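**Q** One file: data13.tsv (TSV, C-alpha atoms).
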```tsv
chain	number	residue	atom	x	y	z
A	62	MET	CA	12.01	-96.79	-43.27
A	63	ASN	CA	9.36	-94.21	-43.57
A	64	ARG	CA	10.86	-90.88	-44.80
A	65	ASN	CA	8.08	-88.93	-43.10
A	66	ALA	CA	8.88	-90.53	-39.76
A	67	ILE	CA	12.54	-89.49	-40.12
A	68	SER	CA	11.91	-85.91	-41.23
A	69	LEU	CA	9.27	-85.15	-38.61
A	70	PRO	CA	11.70	-85.09	-35.62
A	71	ILE	CA	14.06	-82.90	-37.63
A	72	ILE	CA	11.32	-80.37	-38.41
A	73	ILE	CA	10.20	-80.31	-34.77
A	74	SER	CA	13.79	-79.80	-33.61
A	75	LEU	CA	14.29	-76.86	-36.01
A	76	CYS	CA	11.05	-75.23	-34.90
A	77	LEU	CA	12.04	-75.55	-31.23
A	78	ARG	CA	15.45	-73.97	-31.93
A	79	ALA	CA	13.82	-71.07	-33.81
A	80	SER	CA	11.34	-70.46	-31.05
A	81	LEU	CA	14.08	-70.50	-28.41
A	82	ALA	CA	16.17	-68.05	-30.43
A	83	MET	CA	13.24	-65.64	-30.78
A	84	GLY	CA	12.37	-65.93	-27.11
A	85	LYS	CA	15.72	-64.47	-26.12
A	86	ASP	CA	14.98	-61.09	-27.77
A	87	SER	CA	11.21	-60.72	-27.51
A	88	ALA	CA	8.05	-62.31	-26.22
A	89	PRO	CA	7.15	-65.62	-27.94
A	90	GLU	CA	5.08	-65.22	-31.07
A	91	ILE	CA	1.76	-66.99	-31.55
A	92	SER	CA	2.49	-70.37	-33.18
A	93	TYR	CA	1.08	-71.37	-36.50
A	94	PHE	CA	-0.82	-74.26	-34.95
A	95	SER	CA	-2.81	-71.96	-32.62
A	96	ASP	CA	-3.38	-69.39	-35.41
A	97	LYS	CA	-3.52	-71.63	-38.47
A	98	GLN	CA	-6.62	-69.94	-39.90
A	99	ARG	CA	-4.34	-67.00	-40.93
A	100	GLY	CA	-2.19	-69.32	-43.04
A	101	TRP	CA	1.52	-68.89	-43.80
A	102	PHE	CA	2.74	-65.35	-44.45
A	103	TRP	CA	6.18	-65.97	-45.87
A	104	TYR	CA	6.89	-62.28	-46.40
A	105	GLU	CA	5.27	-60.93	-43.22
A	106	VAL	CA	7.50	-58.38	-41.47
A	107	LEU	CA	7.84	-59.14	-37.80
A	108	PRO	CA	7.69	-56.19	-35.36
A	109	GLU	CA	10.91	-54.87	-33.92
A	110	PRO	CA	11.68	-56.29	-30.50
A	111	VAL	CA	10.95	-53.88	-27.66
A	112	LYS	CA	13.98	-53.24	-25.52
A	113	LYS	CA	13.26	-53.18	-21.84
A	114	ALA	CA	14.60	-50.32	-19.76
A	115	GLN	CA	15.50	-52.64	-16.93
A	116	PRO	CA	19.19	-51.57	-16.76
A	117	ASP	CA	18.17	-47.90	-16.42
A	118	ILE	CA	15.71	-48.74	-13.68
A	119	GLN	CA	18.32	-50.72	-11.85
A	120	ALA	CA	20.78	-47.86	-12.24
A	121	ASP	CA	18.22	-45.47	-10.82
A	122	GLN	CA	17.72	-47.75	-7.87
A	123	HIS	CA	21.42	-47.55	-7.05
A	124	LYS	CA	21.50	-43.72	-7.32
A	125	PRO	CA	21.34	-41.79	-4.05
A	126	LYS	CA	17.91	-40.35	-3.38
A	127	SER	CA	17.56	-36.63	-4.11
A	128	ASP	CA	16.36	-34.13	-1.54
A	129	ILE	CA	13.85	-32.75	-4.08
A	130	LYS	CA	10.35	-33.61	-3.03
A	131	PRO	CA	7.44	-34.31	-5.35
A	132	PRO	CA	5.09	-31.37	-6.03
A	133	SER	CA	2.29	-33.00	-4.06
A	134	VAL	CA	4.50	-33.20	-0.97
A	135	VAL	CA	5.64	-29.60	-1.40
A	136	GLU	CA	2.05	-28.37	-1.80
A	137	ALA	CA	1.02	-30.37	1.25
A	138	GLU	CA	3.75	-28.69	3.29
A	139	ILE	CA	3.01	-25.19	1.95
A	140	GLU	CA	-0.77	-25.36	2.33
A	141	PRO	CA	-0.79	-25.46	6.13
A	142	GLN	CA	1.45	-22.39	6.16
A	143	THR	CA	-0.77	-20.38	3.78
A	144	GLN	CA	-3.86	-21.37	5.73
A	145	ALA	CA	-2.32	-20.64	9.05
A	146	LYS	CA	-4.31	-19.30	11.92
A	147	PRO	CA	-4.86	-15.52	12.15
A	148	SER	CA	-1.70	-13.65	12.95
A	149	ALA	CA	-1.31	-12.62	16.57
A	150	GLU	CA	1.14	-9.80	15.75
A	151	SER	CA	-1.55	-7.19	14.96
A	152	GLN	CA	-4.27	-6.19	17.37
A	153	PRO	CA	-7.39	-8.28	16.67
A	154	LEU	CA	-9.99	-6.51	14.50
A	155	SER	CA	-7.59	-3.66	13.67
A	156	SER	CA	-7.32	-2.63	10.03
A	157	ALA	CA	-3.94	-4.37	9.75
A	158	TRP	CA	-5.39	-7.53	11.33
A	159	LEU	CA	-8.37	-7.51	8.97
A	160	LYS	CA	-6.09	-6.99	5.97
A	161	GLN	CA	-4.00	-9.99	6.99
A	162	ASN	CA	-6.74	-12.37	8.04
A	163	LEU	CA	-10.04	-11.57	6.32
A	164	GLU	CA	-9.08	-13.62	3.27
A	165	HIS	CA	-8.24	-16.55	5.54
A	166	TYR	CA	-11.75	-16.53	6.98
A	167	LEU	CA	-13.21	-16.26	3.48
A	168	ASN	CA	-11.20	-19.27	2.26
A	169	GLN	CA	-12.16	-21.20	5.36
A	170	ALA	CA	-15.83	-20.49	4.73
A	171	ILE	CA	-15.50	-21.53	1.07
A	172	ASP	CA	-13.69	-24.78	1.85
A	173	ASP	CA	-15.92	-25.64	4.81
A	174	PRO	CA	-19.18	-23.66	4.49
A	175	SER	CA	-20.48	-24.46	7.93
A	176	PRO	CA	-22.87	-21.89	9.47
A	177	GLU	CA	-20.17	-20.87	11.93
A	178	ASN	CA	-17.47	-20.33	9.29
A	179	VAL	CA	-19.75	-18.39	6.94
A	180	ALA	CA	-21.14	-16.24	9.76
A	181	ALA	CA	-17.63	-15.51	11.08
A	182	PHE	CA	-16.55	-14.16	7.69
A	183	TYR	CA	-19.64	-11.98	7.30
A	184	TYR	CA	-19.31	-10.63	10.82
A	185	LEU	CA	-15.71	-9.62	10.12
A	186	GLN	CA	-16.79	-8.05	6.84
A	187	ARG	CA	-19.43	-6.08	8.73
A	188	VAL	CA	-16.74	-4.88	11.14
A	189	MET	CA	-14.64	-3.68	8.22
A	190	MET	CA	-17.59	-1.88	6.60
A	191	ASP	CA	-18.53	-0.19	9.88
A	192	LYS	CA	-14.94	0.98	10.29
A	193	ALA	CA	-15.03	2.41	6.76
A	194	GLU	CA	-18.30	4.24	7.43
A	195	ARG	CA	-16.93	5.68	10.68
A	196	PHE	CA	-13.82	6.89	8.84
A	197	THR	CA	-15.91	8.45	6.05
A	198	ASN	CA	-18.02	10.44	8.52
A	199	ALA	CA	-14.95	11.62	10.40
A	200	ALA	CA	-13.21	12.55	7.14
A	201	ARG	CA	-16.17	14.62	5.96
A	202	TYR	CA	-16.21	16.55	9.24
A	203	VAL	CA	-12.44	17.15	9.20
A	204	VAL	CA	-12.46	18.31	5.56
A	205	MET	CA	-15.43	20.65	6.01
A	206	SER	CA	-13.77	22.15	9.09
A	207	ASP	CA	-10.44	22.96	7.40
A	208	PRO	CA	-10.36	25.16	4.24
A	209	GLN	CA	-6.90	23.84	3.37
A	210	LEU	CA	-8.39	20.36	2.96
A	211	ASP	CA	-11.78	21.26	1.47
A	212	GLU	CA	-11.48	20.91	-2.30
A	213	THR	CA	-14.67	22.91	-2.87
A	214	VAL	CA	-12.74	25.98	-1.72
A	215	ARG	CA	-10.46	25.63	-4.75
A	216	ARG	CA	-13.12	24.52	-7.20
A	217	PRO	CA	-16.86	24.65	-6.31
A	218	VAL	CA	-19.07	21.73	-7.26
A	219	ALA	CA	-22.44	23.45	-6.99
A	220	THR	CA	-23.77	24.19	-10.48
A	221	TYR	CA	-24.31	27.92	-9.98
A	222	ALA	CA	-20.89	28.35	-8.36
A	223	ALA	CA	-19.13	26.25	-11.01
A	224	ASN	CA	-20.74	28.34	-13.75
A	225	GLU	CA	-19.50	31.51	-12.06
A	226	ALA	CA	-15.99	30.04	-11.76
A	227	ASN	CA	-16.04	29.23	-15.48
A	228	HIS	CA	-17.19	32.75	-16.30
A	229	GLN	CA	-14.43	34.29	-14.22
A	230	ALA	CA	-11.91	31.95	-15.83
A	231	SER	CA	-12.93	33.01	-19.36
A	232	VAL	CA	-12.77	36.70	-18.46
A	233	VAL	CA	-9.32	36.44	-16.90
A	234	ALA	CA	-8.09	34.15	-19.71
A	235	GLU	CA	-9.17	36.68	-22.35
A	236	MET	CA	-7.35	39.46	-20.53
A	237	ALA	CA	-4.24	37.30	-20.15
A	238	LEU	CA	-4.22	36.23	-23.81
A	239	LYS	CA	-4.51	39.82	-25.00
A	240	SER	CA	-1.68	40.78	-22.68
A	241	ILE	CA	0.47	37.95	-24.07
A	242	ALA	CA	-0.45	38.88	-27.66
A	243	ALA	CA	0.90	42.37	-27.05
A	244	GLN	CA	4.28	40.83	-26.20
A	245	ALA	CA	4.54	37.67	-28.33
A	246	GLY	CA	3.47	36.16	-31.65
A	247	ILE	CA	2.91	32.68	-33.10
A	248	LEU	CA	5.53	31.11	-35.36
A	249	PHE	CA	3.68	28.81	-37.77
A	250	PHE	CA	5.62	26.22	-39.84
A	251	PHE	CA	3.61	24.58	-42.63
A	252	ARG	CA	3.85	22.72	-45.93
A	253	SER	CA	1.69	23.33	-48.96
A	254	ASP	CA	0.82	19.59	-49.20
A	255	CYS	CA	0.04	19.14	-45.49
A	256	PRO	CA	-3.76	18.70	-45.00
A	257	TYR	CA	-3.45	19.34	-41.25
A	258	CYS	CA	-1.79	22.66	-41.96
A	259	HIS	CA	-4.76	23.59	-44.14
A	260	VAL	CA	-7.23	23.06	-41.27
A	261	GLN	CA	-4.91	24.62	-38.68
A	262	ALA	CA	-4.65	27.90	-40.59
A	263	PRO	CA	-8.29	29.02	-39.96
A	264	ILE	CA	-7.83	28.36	-36.21
A	265	LEU	CA	-4.77	30.61	-36.16
A	266	ALA	CA	-6.71	33.26	-38.07
A	267	MET	CA	-9.38	33.14	-35.34
A	268	LEU	CA	-6.66	33.48	-32.70
A	269	GLU	CA	-5.30	36.49	-34.54
A	270	ASN	CA	-8.72	38.17	-34.81
A	271	ALA	CA	-9.90	37.39	-31.26
A	272	TYR	CA	-6.80	38.28	-29.24
A	273	GLY	CA	-4.53	40.17	-31.60
A	274	PHE	CA	-1.77	37.58	-31.97
A	275	LYS	CA	0.65	38.20	-34.84
A	276	ILE	CA	1.09	35.04	-36.92
A	277	TYR	CA	4.47	34.47	-38.58
A	278	PRO	CA	3.96	31.79	-41.28
A	279	VAL	CA	7.00	29.89	-42.61
A	280	SER	CA	6.71	27.49	-45.57
A	281	LEU	CA	8.98	24.46	-45.42
A	282	ASP	CA	8.60	23.67	-49.13
A	283	GLY	CA	8.52	27.30	-50.28
A	284	LEU	CA	4.92	27.04	-51.59
A	285	PRO	CA	1.69	28.67	-50.33
A	286	MET	CA	-1.29	26.80	-48.94
A	287	PRO	CA	-4.04	26.17	-51.50
A	288	ASN	CA	-6.80	27.62	-49.27
A	289	GLY	CA	-5.30	31.11	-49.47
A	290	PHE	CA	-4.55	31.54	-45.74
A	291	PHE	CA	-1.33	33.38	-44.84
A	292	SER	CA	-0.30	34.01	-48.41
A	293	GLN	CA	2.37	36.42	-47.14
A	294	PHE	CA	4.79	33.85	-45.78
A	295	LYS	CA	8.54	33.39	-45.39
A	296	ARG	CA	10.57	30.55	-46.86
A	297	ASP	CA	12.35	28.31	-44.41
A	298	GLN	CA	16.02	29.25	-44.18
A	299	GLY	CA	17.01	26.61	-41.62
A	300	GLN	CA	14.86	27.92	-38.76
A	301	ALA	CA	12.82	24.69	-38.67
A	302	ALA	CA	15.93	22.53	-38.22
A	303	MET	CA	17.23	24.81	-35.47
A	304	LEU	CA	13.93	24.51	-33.57
A	305	GLY	CA	13.66	20.75	-34.10
A	306	VAL	CA	10.58	20.76	-36.32
A	307	GLU	CA	9.73	17.19	-37.34
A	308	GLN	CA	6.00	17.40	-38.07
A	309	THR	CA	3.69	20.05	-39.45
A	310	PRO	CA	1.86	22.12	-38.48
A	311	ALA	CA	4.42	23.27	-35.89
A	312	LEU	CA	3.59	26.14	-33.54
A	313	PHE	CA	5.94	28.19	-31.37
A	314	LEU	CA	5.23	31.12	-29.06
A	315	MET	CA	7.81	33.76	-29.94
A	316	LYS	CA	8.60	36.83	-27.86
A	317	PRO	CA	11.21	39.18	-29.30
A	318	PRO	CA	14.06	39.33	-29.25
A	319	LYS	CA	15.09	35.73	-28.42
A	320	GLN	CA	12.44	33.91	-26.40
A	321	ILE	CA	10.79	31.02	-28.29
A	322	VAL	CA	8.58	28.49	-26.49
A	323	PRO	CA	7.27	25.35	-28.30
A	324	LEU	CA	3.50	24.86	-28.34
A	325	ALA	CA	2.84	21.85	-30.56
A	326	GLN	CA	3.84	19.85	-33.62
A	327	GLY	CA	0.39	18.80	-34.77
A	328	ALA	CA	-3.06	20.29	-35.30
A	329	LEU	CA	-4.78	21.85	-32.27
A	330	SER	CA	-8.23	23.25	-31.57
A	331	LEU	CA	-8.67	26.88	-30.55
A	332	GLU	CA	-9.21	25.86	-26.92
A	333	GLU	CA	-6.07	23.70	-26.94
A	334	VAL	CA	-4.00	26.49	-28.50
A	335	THR	CA	-5.11	29.11	-25.96
A	336	GLY	CA	-4.59	26.66	-23.07
A	337	ARG	CA	-1.04	25.92	-24.17
A	338	ILE	CA	-0.29	29.59	-24.70
A	339	LEU	CA	-1.38	30.37	-21.14
A	340	LEU	CA	0.67	27.52	-19.69
A	341	ALA	CA	3.75	28.45	-21.72
A	342	ALA	CA	3.41	32.09	-20.68
A	343	LYS	CA	3.14	31.09	-17.03
A	344	GLU	CA	6.22	28.87	-17.22
A	345	ALA	CA	8.12	31.64	-19.02
A	346	GLY	CA	7.10	34.18	-16.36
A	347	TRP	CA	5.04	36.37	-18.69
A	348	ILE	CA	1.97	36.03	-16.43
A	349	ASP	CA	1.98	35.27	-12.69
A	350	ALA	CA	0.91	31.95	-11.20
A	351	SER	CA	-2.14	33.39	-9.46
A	352	GLN	CA	-3.49	34.76	-12.73
A	353	TYR	CA	-2.89	31.45	-14.50
A	354	GLN	CA	-4.70	29.51	-11.75
A	355	THR	CA	-7.73	31.74	-12.13
A	356	THR	CA	-7.82	31.05	-15.88
A	357	GLN	CA	-8.28	27.37	-15.00
A	358	GLY	CA	-11.39	28.08	-12.90
A	359	ILE	CA	-9.51	27.37	-9.65
A	360	ARG	CA	-9.32	29.76	-6.73
A	361	ASN	CA	-5.83	30.80	-5.74
A	362	THR	CA	-5.02	28.91	-2.52
A	363	PRO	CA	-1.74	28.03	-0.79
A	364	MET	CA	-0.24	24.66	-1.64
A	365	LEU	CA	1.10	22.11	0.82
A	366	LEU	CA	4.62	22.00	-0.55
A	367	PRO	CA	7.11	21.96	2.34
A	368	ALA	CA	10.72	22.53	1.44
A	369	ALA	CA	12.95	19.48	1.35
A	370	GLY	CA	14.28	18.69	4.83
A	371	SER	CA	11.97	21.15	6.58
A	372	ILE	CA	10.11	18.37	8.39
A	373	SER	CA	12.16	16.05	10.57
A	374	PRO	CA	11.44	12.32	10.98
A	375	ALA	CA	10.53	12.93	14.63
A	376	VAL	CA	7.76	15.33	13.60
A	377	THR	CA	6.18	12.69	11.38
A	378	GLN	CA	5.74	10.40	14.38
A	379	ASP	CA	3.26	12.77	16.01
A	380	PRO	CA	0.07	13.54	14.02
A	381	LEU	CA	-0.50	16.95	15.63
A	382	SER	CA	3.11	18.05	15.05
A	383	LEU	CA	2.90	16.86	11.45
A	384	ILE	CA	-0.31	18.83	10.84
A	385	GLN	CA	1.18	22.00	12.32
A	386	ALA	CA	4.35	21.65	10.24
A	387	LEU	CA	2.35	21.22	7.03
A	388	GLN	CA	0.13	24.18	7.89
A	389	ARG	CA	3.18	26.39	8.42
A	390	SER	CA	4.61	25.31	5.06
A	391	ALA	CA	1.29	26.14	3.38
A	392	HIS	CA	1.19	29.62	4.89
A	393	PHE	CA	4.68	30.43	3.67
A	394	GLY	CA	4.64	28.32	0.54
A	395	SER	CA	4.30	29.68	-2.97
A	396	THR	CA	1.30	29.24	-5.21
A	397	PRO	CA	1.68	27.40	-8.55
```
Please lay out the structure from this file as structure tokens.
**A**
Amino acid sequence: MNRNAISLPIIISLCLRASLAMGKDSAPEISYFSDKQRGWFWYEVLPEPVKKAQPDIQADQHKPKSDIKPPSVVEAEIEPQTQAKPSAESQPLSSAWLKQNLEHYLNQAIDDPSPENVAAFYYLQRVMMDKAERFTNAARYVVMSDPQLDETVRRPVATYAANEANHQASVVAEMALKSIAAQAGILFFFRSDCPYCHVQAPILAMLENAYGFKIYPVSLDGLPMPNGFFSQFKRDQGQAAMLGVEQTPALFLMKPPKQIVPLAQGALSLEEVTGRILLAAKEAGWIDASQYQTTQGIRNTPMLLPAAGSISPAVTQDPLSLIQALQRSAHFGSTP
């Protein structure tokens, strides 16, 4: 008997068994006979079988459906609400109605730019602009008719008048600063190695010469400044810690015997120093509010500062009653 004839069925049987075994775990591989040009690769590593997620899919099919809707469905439900028709709550073409609905007409014209949609938006925009112009004209007339509302009464805008206000402010400020200098001095904390103290010292010398302020220099490190300013100084004996000095130069407005008002912890220009001195003096009651307001180039006018609880909620419902109540509070109110 031919040995090849006997072994051939055995080989075929083994190949069929191998192919059936592989088919259980993965897709059938390409056979050697259909891909024989590649030859035999005895050590070729076969890819790992891909596990199907069929059990998970089946499990998901048995799960109860959730009430959560896909984003596309949610957006589809929300979009009609956001693009709803103009609200009927406000009076048509009122400012509230325009505020609520003008954007809707704009979006409608963008999404569907038909001549009617585009024209409708521009007509509504014209209505809004005409309302604004009408309000502006009425506001100008009301303001010019009432000195309590006209800001040019407090501070003129015309060049010649503004220059005069600035001149009056400088004259009154000089008088006020000299008056304060007669009562108070400047406490000046410095360090010998502080460059900002070195440039602050000439400014304080100008303040001393111009208005007569007495400068009281205190050295935190016990050494003089190298530029020779304020060589007659005092050594810090704990005063800086008591006043909370953290940075130098530190300036305080000091009025004997016990009044000390902080001005700055940092370098200031001459204009900034004088401005802070005037404000500190006003807050401390050394100059009156009317005088301080004049130093700022502002005319002294009553302020609309009604006392708390002086205007009832019922008054606020009537414009005329509200105006009269505010006018009365201005007449009897105090200036800053």
**Q** Between A:Pro208, A:Gly283, A:Pro153, A:Pro176, which one has atoms that come closest to Pro363 in chain A, using only C-alpha atoms?
**A**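 Looking at the shortest contact to Pro363 in chain A, the residue is A:Pro208.
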**Q** Using all atoms listed in the file, pick whichever of A:Gln326, A:Thr213, A:Gln354, A:Gln388 has the shortest atom-to-atom distance to Ala237 in chain A.
**A** A:Gln354
**Q** Just want the 12 Å neighbourhood of Val260 in chain A, counted on all atoms listed in the file, with same-chain residues fewer than 5 positions away dropped. Output as JSON, numbers by chain.
**A** {"A": [251, 253, 254, 255, 265, 266, 267, 286, 287, 288, 289, 290, 309, 310, 327, 328, 329, 330, 331]}
**Q** Between A:Val334, A:Arg389, A:Leu163, A:Arg201, single out the one closest to Arg187 in chain A, counting only C-alpha atoms.
**A**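 Checking each of A:Val334, A:Arg389, A:Leu163, A:Arg201 against Arg187 in chain A, counting only C-alpha atoms, the winner is A:Leu163.
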**Q** Using all atoms listed in the file, which residue out of A:Ser155, A:Ser390, A:Gln186, A:Asn227 lies closest to Gly358 in chain A?
**A** A:Asn227
**Q** Please indicate the distance in Å from CA of Ala170 in chain A to CA of Phe196 in chain A, rounded to one decimal place.
**A** 27.8 Å
**Q** Adding 5 Å on each side of the box along x, y and z that holds all listed atoms of range 244-252 of chain A, could you give its centre and edge lengths in Å to one decimal, as AutoDock Vina command-line options?
**A**
```
--center_x 4.3 --center_y 31.8 --center_z -36.1 --size_x 12.7 --size_y 28.1 --size_z 29.7
```
**Q** Figure out the distance between CA of Leu268 in chain A and CA of Val233 in chain A, please, to one decimal in Å.
**A**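 Distance reported for this atom pair: 16.3 Å.
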**Q** How many Å lie between CA of Phe249 in chain A and CA of Leu314 in chain A, rounded to one decimal?
**A**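 Answer for the CA of Phe249 in chain A to CA of Leu314 in chain A separation: 9.1 Å.
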**Q** Nearest residue to Arg252 in chain A out of A:Asp211, A:Tyr221, A:Glu307, A:Ser240, using all atoms listed in the file?
**A**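 Closest to Arg252 in chain A of all the choices is A:Glu307.
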**Q** Here is a test: counting only C-alpha atoms, which residue of A:Thr335, A:Gly273, A:Leu248, A:Pro380 is nearest to Asp297 in chain A?
**A**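 Among A:Thr335, A:Gly273, A:Leu248, A:Pro380, it is A:Leu248 that comes nearest to Asp297 in chain A.
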**Q** Within 8 Å of Ala181 in chain A, counting all atoms listed in the file, which residues qualify if same-chain residues fewer than 4 places away don't, as a list in words?
**A**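 In the requested format, the answer is Tyr166, Glu177 and Leu185 of chain A.
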